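**Student:** Have a look at the structure that comes next, please.
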Number of protein chains: 4
Amino acid sequence: MRAIVIHSAGDLRIDEMPEESPSEGEVLVELRAGGICGSDLHYFNDGGFGAIRLQQPMILGHEVAGTITDVGPGVDGLSRGDQVAVNPSRPCGKCLYCRKAQFNHCLDMRFYGSAMRMPHIHGAFRERLVAKADQCFPIAAGASMQEAAMAEPLAVTLHAVRLAGSISGQRVLITGCGPIGALCVIACRLHGAGEITVTDIVDEALRYGERAGADRTINVATHGEEFSAFSAGKGTFDTVIEASGNPQAIAAAMAATRPGGTFVQLGIGPDAPLPVSLIVAREIRYFGSFRFHEEFAFAAQLISSRRVDLKPLISDVMPLSDALKAFQTANDRARSMKVQIAFA
Amino acid sequence: MRAIVIHSAGDLRIDEMPEESPSEGEVLVELRAGGICGSDLHYFNDGGFGAIRLQQPMILGHEVAGTITDVGPGVDGLSRGDQVAVNPSRPCGKCLYCRKAQFNHCLDMRFYGSAMRMPHIHGAFRERLVAKADQCFPIAAGASMQEAAMAEPLAVTLHAVRLAGSISGQRVLITGCGPIGALCVIACRLHGAGEITVTDIVDEALRYGERAGADRTINVATHGEEFSAFSAGKGTFDTVIEASGNPQAIAAAMAATRPGGTFVQLGIGPDAPLPVSLIVAREIRYFGSFRFHEEFAFAAQLISSRRVDLKPLISDVMPLSDALKAFQTANDRARSMKVQIAFA
Amino acid sequence: MRAIVIHSAGDLRIDEMPEESPSEGEVLVELRAGGICGSDLHYFNDGGFGAIRLQQPMILGHEVAGTITDVGPGVDGLSRGDQVAVNPSRPCGKCLYCRKAQFNHCLDMRFYGSAMRMPHIHGAFRERLVAKADQCFPIAAGASMQEAAMAEPLAVTLHAVRLAGSISGQRVLITGCGPIGALCVIACRLHGAGEITVTDIVDEALRYGERAGADRTINVATHGEEFSAFSAGKGTFDTVIEASGNPQAIAAAMAATRPGGTFVQLGIGPDAPLPVSLIVAREIRYFGSFRFHEEFAFAAQLISSRRVDLKPLISDVMPLSDALKAFQTANDRARSMKVQIAFA
Amino acid sequence: MRAIVIHSAGDLRIDEMPEESPSEGEVLVELRAGGICGSDLHYFNDGGFGAIRLQQPMILGHEVAGTITDVGPGVDGLSRGDQVAVNPSRPCGKCLYCRKAQFNHCLDMRFYGSAMRMPHIHGAFRERLVAKADQCFPIAAGASMQEAAMAEPLAVTLHAVRLAGSISGQRVLITGCGPIGALCVIACRLHGAGEITVTDIVDEALRYGERAGADRTINVATHGEEFSAFSAGKGTFDTVIEASGNPQAIAAAMAATRPGGTFVQLGIGPDAPLPVSLIVAREIRYFGSFRFHEEFAFAAQLISSRRVDLKPLISDVMPLSDALKAFQTANDRARSMKVQIAFA
């Protein structure tokens, strides 16, 4: 079985790995589609991010969908031939935070394709994957496997929107229009946002934001003064979802947030010199948003029922054999949005 | 009538000012006590803070209480001889934010002793003050005027605690044990906190925190490792109220905040390099808290009914003629906590 | 000018009324469409409801839209020829609750077509209406005036959904599929509901629920056992919006609400023997929802931008001269959903 | 070992029961104090309540404290001689609701002294009790065992106050001044209530409410008009905690609740004809509150640290041999508040 393995920064290989078979409560999934995420790119480009560094070869990937080809004993409700989106999040279920149902804060998390612990947790970019039955969420026959492989990033944005609280009728700003930012547009539209503005520094990225349903797109590199107008008075936006992690973007978005507004930080970046006195004077509510839990099921349901259309965000689908090219393409924001690997 | 006027950094004078008399809906208050606040000290020491700079002489002071000596026409419920705490906050009642009942974000606020607008809004450190009747909150005869003059900073902390949401049974950290931090201890105790830890870098300040009811005090300058222990695992504190504005204190307190914890920023300071990735990974809820509104009435009620005891926090009371010395004393955290002027 | 006036139960007349002209801050609206609401029907059928009884002739109607034909002095942003939806809610802006921004609880409310006070407040079913400029919300040229006249009931349901809090991905039950129930389906879909079930006792009504986007409709009169299944275990629904006011419907829906679920009561009916011990044992959160305030602007925006399609809910449009027949039609739930009067 | 066993309505016996010894993770507790609760009285007086009926003899009691006399293997942090309050709530930890951390809604709950399931779950009114270590919460040596035995009802009221949200500075009404109502007074005071009014129909009960810290007590049987005054305008109270379960009390308290107010239903009673149209028109937030979970630890901490004084609420302490008399005394609200059994 072939898998996409990162050995060190820049050293991405298609390696042969041993087959596995499902035990009690598990299924075997033959992968169809796998999306490349920003964290996959960090391992590929830099060998990690922040304090998290590659220390051994690791299979990448955590946005995957496929077809069940074998079912272990004791599995109910899943059968051979079922299409499923696979949840890459595997909390322990026993620690302090799992017992409080804060599963995304599990002290013993085993998230696919993460070098946070030793040995690293292998990812899901492989031809066949053994997963627990409760990681697998059925996708109706009519829905595409490419979209199904976007259940994970969609879940990330559904979580952020839930943390934001009611956005009904609000003026919403989304900063950063990569795949997560563009999915935020879809998630905010789906939750009753009044008017959605999205910013980026790449025109091509913003075009995807438009397709996702944004009411207004602004290139803050070329049209900074247009954006600054939203900072007049005491700011404009009721809710901001920050999806870039860029310190300048954070500061500019804060200046455009109205008193009592909600600012959800989704993008991860370096320590940023935040405008503390502005946060105080405007009583901004600044929330971190990290991964997801129950939102994965909702994401799969939305895709399965075709109530969201994610296809416009999938810019490239490349065969497993072109994995390296796929990663290089994903690196080029002026050319691509979500790049996926077709495993079969 | 004498008033305490700041002319420029370091140039504090007792000036003679014209008497005023109450019009429709107003009362004349003969001041008894006035507390020196951090912002008064900023004008005294530095001529302002951040972008706000003194441009003309200004009467200082916004923490005051006194006795009504004259009542204008159309005033109900207040009489000569009544003791009152005076609310220094005067929102316009007409702007966008006032109409939404977000009065502390008024676009046309006239807060006592503030150089935020031109001409500056004079403060309340004067022998006699004309105030609107609805700024005046009765204080029962048995309660002290010194305590009454602490209604304003108490209201600031009640507001912060309300923004924090339920702290019932929680492990609470308060960083910075000046008058606001120490009042936070009292406010948190009053709202069902489980265990209160307070930190500072001055032992004398921490002793006031103890008297205010803290369960644990830590000098982070001398006992940093004791405090670091609270950052183990994914942190300890359910709720933090940051009352120092110091970037290092903010960062250290964040590291000690548990996943999903609430962090209320009350202290104002320079832009701080905040740990964005920690805020995200722990989903910290970071709220700015700014002044107060309806909490002033509650503060006055608490003082009037003697359900809180604020006397232990008043370290010095000096006559008006010693105003300069009073400001110098207030500058010395190793010697004083709340310093008040006795006007009569 | 003709107007639809109720004189007493059953006595509906088209009366000639004097023309009015706009003063400072007002506009003249030539009505296009007016929807008949349940409260209009109560006046028509019973001369009132509960303690509210007709004591003098009153113009009915509060769901209206039209075209501006004259503009008084001091009006900005509105011009002759503009299409507008008219907000029938006119809080005083000065009472205790208006000052707290709880405008729908105004102590001196002047809501169109209401016999709550003496003299009664006339409604808007008339050929021409003088309204305050800030009651008028522009509707884009491409949107229909029939839909614009549904801004009010849509606002009622947007308010209910906002009170419910996040319904993201939830199993939602809506009981009662009249115009309000059907609009709740649209509003819940718009705010990220996971799966929407709607119940009624009239099949024809439920068909409108389907068209509005419900995932499942149940006639509880003929398929009671199908509905009872949702009460198994400790119930099924995360959120219920009760839009019938019927005591039996309330009790049945409570039994189907899961522990910690939210139950928004929107329908008004007689005192109902509520299952107190069930509310306690399941910790159901039972919220009353009354009218709306800022939601009117959002409703108008949704209609104007055509992000909702309300046309399928408008079953009948009849000319002003057929007003009596229109009210009779609106009374017959097996035949009609929203019945509107075409004024021009 | 002797235990207090209910055989049928009115048939309360002191029976000899077999000794037990602690297994892995368990301790043996020698009981000191046990409080008689309303549900114990329901079994004693009526053989049950609602649909829950005694079908076999059952040991009563779930408000207990004692001293550890033996420690099973694998127990950390508890030793012989430790004083503990024992949590009678034993959720399964595995069901749908436990996995969501809604432990008080466990589908397989084993609560002490409950006939909800067959065989019934025996209670804790016995000389010696084997409990799991994690049910036992240490009580400092200086605190009384009588107070420790009130950790359970105190936890019930802490849970109700937490559900109410912030009550800071609010006007709070508590209806029903039995042990739960009186503890609500203490819990509300502890969480920053502004002004606390408590009602009952028995003067003697209200005197306990005063001792607990209420600002105002009203006998609604003899001073109904005094209470009605609070219904003027649109009502007075920001938060109500209903601790009687009496339908008349519920209706009267609703009428006194202001628009947007919170009404926590804690008392269990028959189905009550609730004023649905009032709940709607005032947008009352009516919450059921059921038992507790994490609040037990906080209750034990409050008692242990002596930050609450519960002794004034313990009206009678009787030896085990007088159990029958203790139950009879607890039945007489004009004579007793909390009646406890002294086991040793």
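Letters A, B, ... go to the chains of the structure tokens in the order shown; residues in each chain start at 1; ligands are counted from 1 in the same order.
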Considering only alpha helix (DSSP H) as DSSP defines it on the backbone, what residues of region 177-313 of chain B qualify? List them as a PyMOL selection string.

**Tutor:** chain B and resi 179-190+203-212+224-228+247-255+276-281+295-304

**Student:** Go through chain C residue by residue and, counting only C-alpha atoms, keep those with an atom at most 8 Å from chain B; for each kept residue give the shortest atom pair and its distance in Å to one decimal, ordered by chain and increasing number, as JSON lines.

**Tutor:**
```
{"residue": "C:Arg99", "atom": "CA", "partner": "B:Ala101", "partner_atom": "CA", "distance": 6.5}
{"residue": "C:Lys100", "atom": "CA", "partner": "B:Ala101", "partner_atom": "CA", "distance": 5.3}
{"residue": "C:Ala101", "atom": "CA", "partner": "B:Lys100", "partner_atom": "CA", "distance": 5.3}
```

**Student:** Would you mind listing what lies within 9 Å of region 153-165 of chain C as a compact mmCIF listing (two decimals) with C-alpha atoms, in the first residue's frame, with only C-alpha atoms counted and same-chain residues fewer than 2 positions away left out?

**Tutor:**
```
# COMPACT_ATOMS: atom_id res chain seq x y z
CA GLY A 165 -22.72 32.69 19.04
CA SER A 166 -25.66 34.10 17.12
CA ILE A 167 -24.54 35.96 13.98
CA SER A 168 -28.10 36.47 12.84
CA CYS C 37 -52.37 38.04 10.50
CA GLU C 63 -48.05 43.55 7.69
CA ALA C 149 -45.37 42.71 3.20
CA MET C 150 -44.11 39.58 4.94
CA ALA C 151 -41.18 41.36 6.58
CA ILE C 167 -29.28 25.95 16.52
CA PRO C 179 -47.74 31.33 8.32
CA ILE C 180 -45.61 31.81 11.45
CA GLY C 181 -44.68 28.13 11.71
CA LEU C 183 -41.70 31.10 8.31
CA CYS C 184 -39.97 29.49 11.30
CA VAL C 185 -38.96 26.65 8.98
CA ILE C 186 -37.36 29.19 6.65
CA ALA C 187 -35.73 31.07 9.54
CA CYS C 188 -34.34 27.88 11.11
CA HIS C 191 -29.61 29.73 10.76
CA THR C 239 -34.76 23.03 20.06
CA VAL C 240 -38.50 23.44 19.75
CA ILE C 241 -40.33 26.49 18.43
CA THR C 262 -34.54 24.87 24.40
CA PHE C 263 -38.27 25.43 23.90
CA VAL C 264 -39.31 28.78 22.48
CA GLN C 265 -42.98 29.64 22.98
CA LEU C 266 -44.12 31.84 20.14
CA PHE C 287 -38.48 30.92 26.64
CA GLY C 288 -41.30 33.23 25.67
CA SER C 289 -40.72 35.14 22.40
CA PHE C 290 -42.66 38.33 21.75
CA ARG C 291 -42.67 40.29 18.52
CA PHE C 292 -39.27 41.68 17.40
CA HIS C 293 -37.22 44.83 17.15
CA GLU C 294 -33.98 45.02 15.20
CA GLU C 295 -35.00 41.86 13.34
CA PHE C 296 -37.32 43.89 11.10
CA ALA C 297 -34.35 45.43 9.33
CA PHE C 298 -32.83 42.00 8.76
CA ALA C 299 -36.13 40.64 7.46
CA ALA C 300 -36.37 43.50 4.96
```

**Student:** Please identify all polymer residues within 10 Å of Lys338 (chain B), counting only C-alpha atoms, omitting same-chain residues fewer than 3 positions from it, and present them as a list in words.

**Tutor:** Gly35, Ile36, Cys37, Gly38, Met150, Gly178, Pro179, Ile180, Ala182, Lys311, Pro312, Leu313, Ile314, Ser315, Asp316, Val317, Thr329, Ala330 and Arg333 of chain B

**Student:** Set the distance at 6 Å and use only C-alpha atoms: which residues neighbour Cys136 (chain A) once local chain neighbours fewer than 3 positions away are removed? I'd like the list as a ChimeraX atom specification.

**Tutor:** /A:84-86,133

**Student:** Excluding Ala143 (chain D) and its own-chain neighbours fewer than 2 positions away, which residues fall within 6 Å of it when counting only C-alpha atoms? Please give them as a PDB file with all heavy atoms, in the first residue's frame.

**Tutor:**
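For reference, around_17.pdb as written:
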```pdb
ATOM      1  N   ALA D 140     -13.017  19.799  56.459  1.00  0.00           N
ATOM      2  CA  ALA D 140     -11.960  20.131  57.429  1.00  0.00           C
ATOM      3  C   ALA D 140     -12.414  19.829  58.843  1.00  0.00           C
ATOM      4  O   ALA D 140     -13.613  19.839  59.156  1.00  0.00           O
ATOM      5  CB  ALA D 140     -11.587  21.605  57.295  1.00  0.00           C
ATOM      6  N   ALA D 141     -11.430  19.588  59.683  1.00  0.00           N
ATOM      7  CA  ALA D 141     -11.723  19.154  61.056  1.00  0.00           C
ATOM      8  C   ALA D 141     -12.604  20.159  61.794  1.00  0.00           C
ATOM      9  O   ALA D 141     -13.486  19.776  62.565  1.00  0.00           O
ATOM     10  CB  ALA D 141     -10.417  18.932  61.815  1.00  0.00           C
ATOM     11  N   SER D 304     -16.589  23.271  54.291  1.00  0.00           N
ATOM     12  CA  SER D 304     -15.304  22.948  54.895  1.00  0.00           C
ATOM     13  C   SER D 304     -14.545  24.213  55.283  1.00  0.00           C
ATOM     14  O   SER D 304     -13.922  24.291  56.355  1.00  0.00           O
ATOM     15  CB  SER D 304     -14.495  22.112  53.901  1.00  0.00           C
ATOM     16  OG  SER D 304     -13.329  21.608  54.487  1.00  0.00           O
TER      17      SER D 304
END
```

**Student:** Ser89 (chain A): which residues within 7 Å, counting only C-alpha atoms, same-chain residues fewer than 3 positions away excluded, as a VMD selection string?

**Tutor:** chain A and resid 110 to 112

**Student:** Take the residues from that selection and put them in a file with C-alpha atoms, as a compact mmCIF listing (two decimals), in the first residue's frame.

**Tutor:**
```
# COMPACT_ATOMS: atom_id res chain seq x y z
CA ARG A 110 -4.25 11.23 18.66
CA PHE A 111 -5.00 13.47 15.68
CA TYR A 112 -4.04 12.14 12.24
```

**Student:** Can you check which residues of region 260-343 of chain D DSSP gives as strand (DSSP E or B) on the backbone and send them as a ChimeraX atom specification?

**Tutor:** /D:260-265,272-274,285-288,314-319,338-342
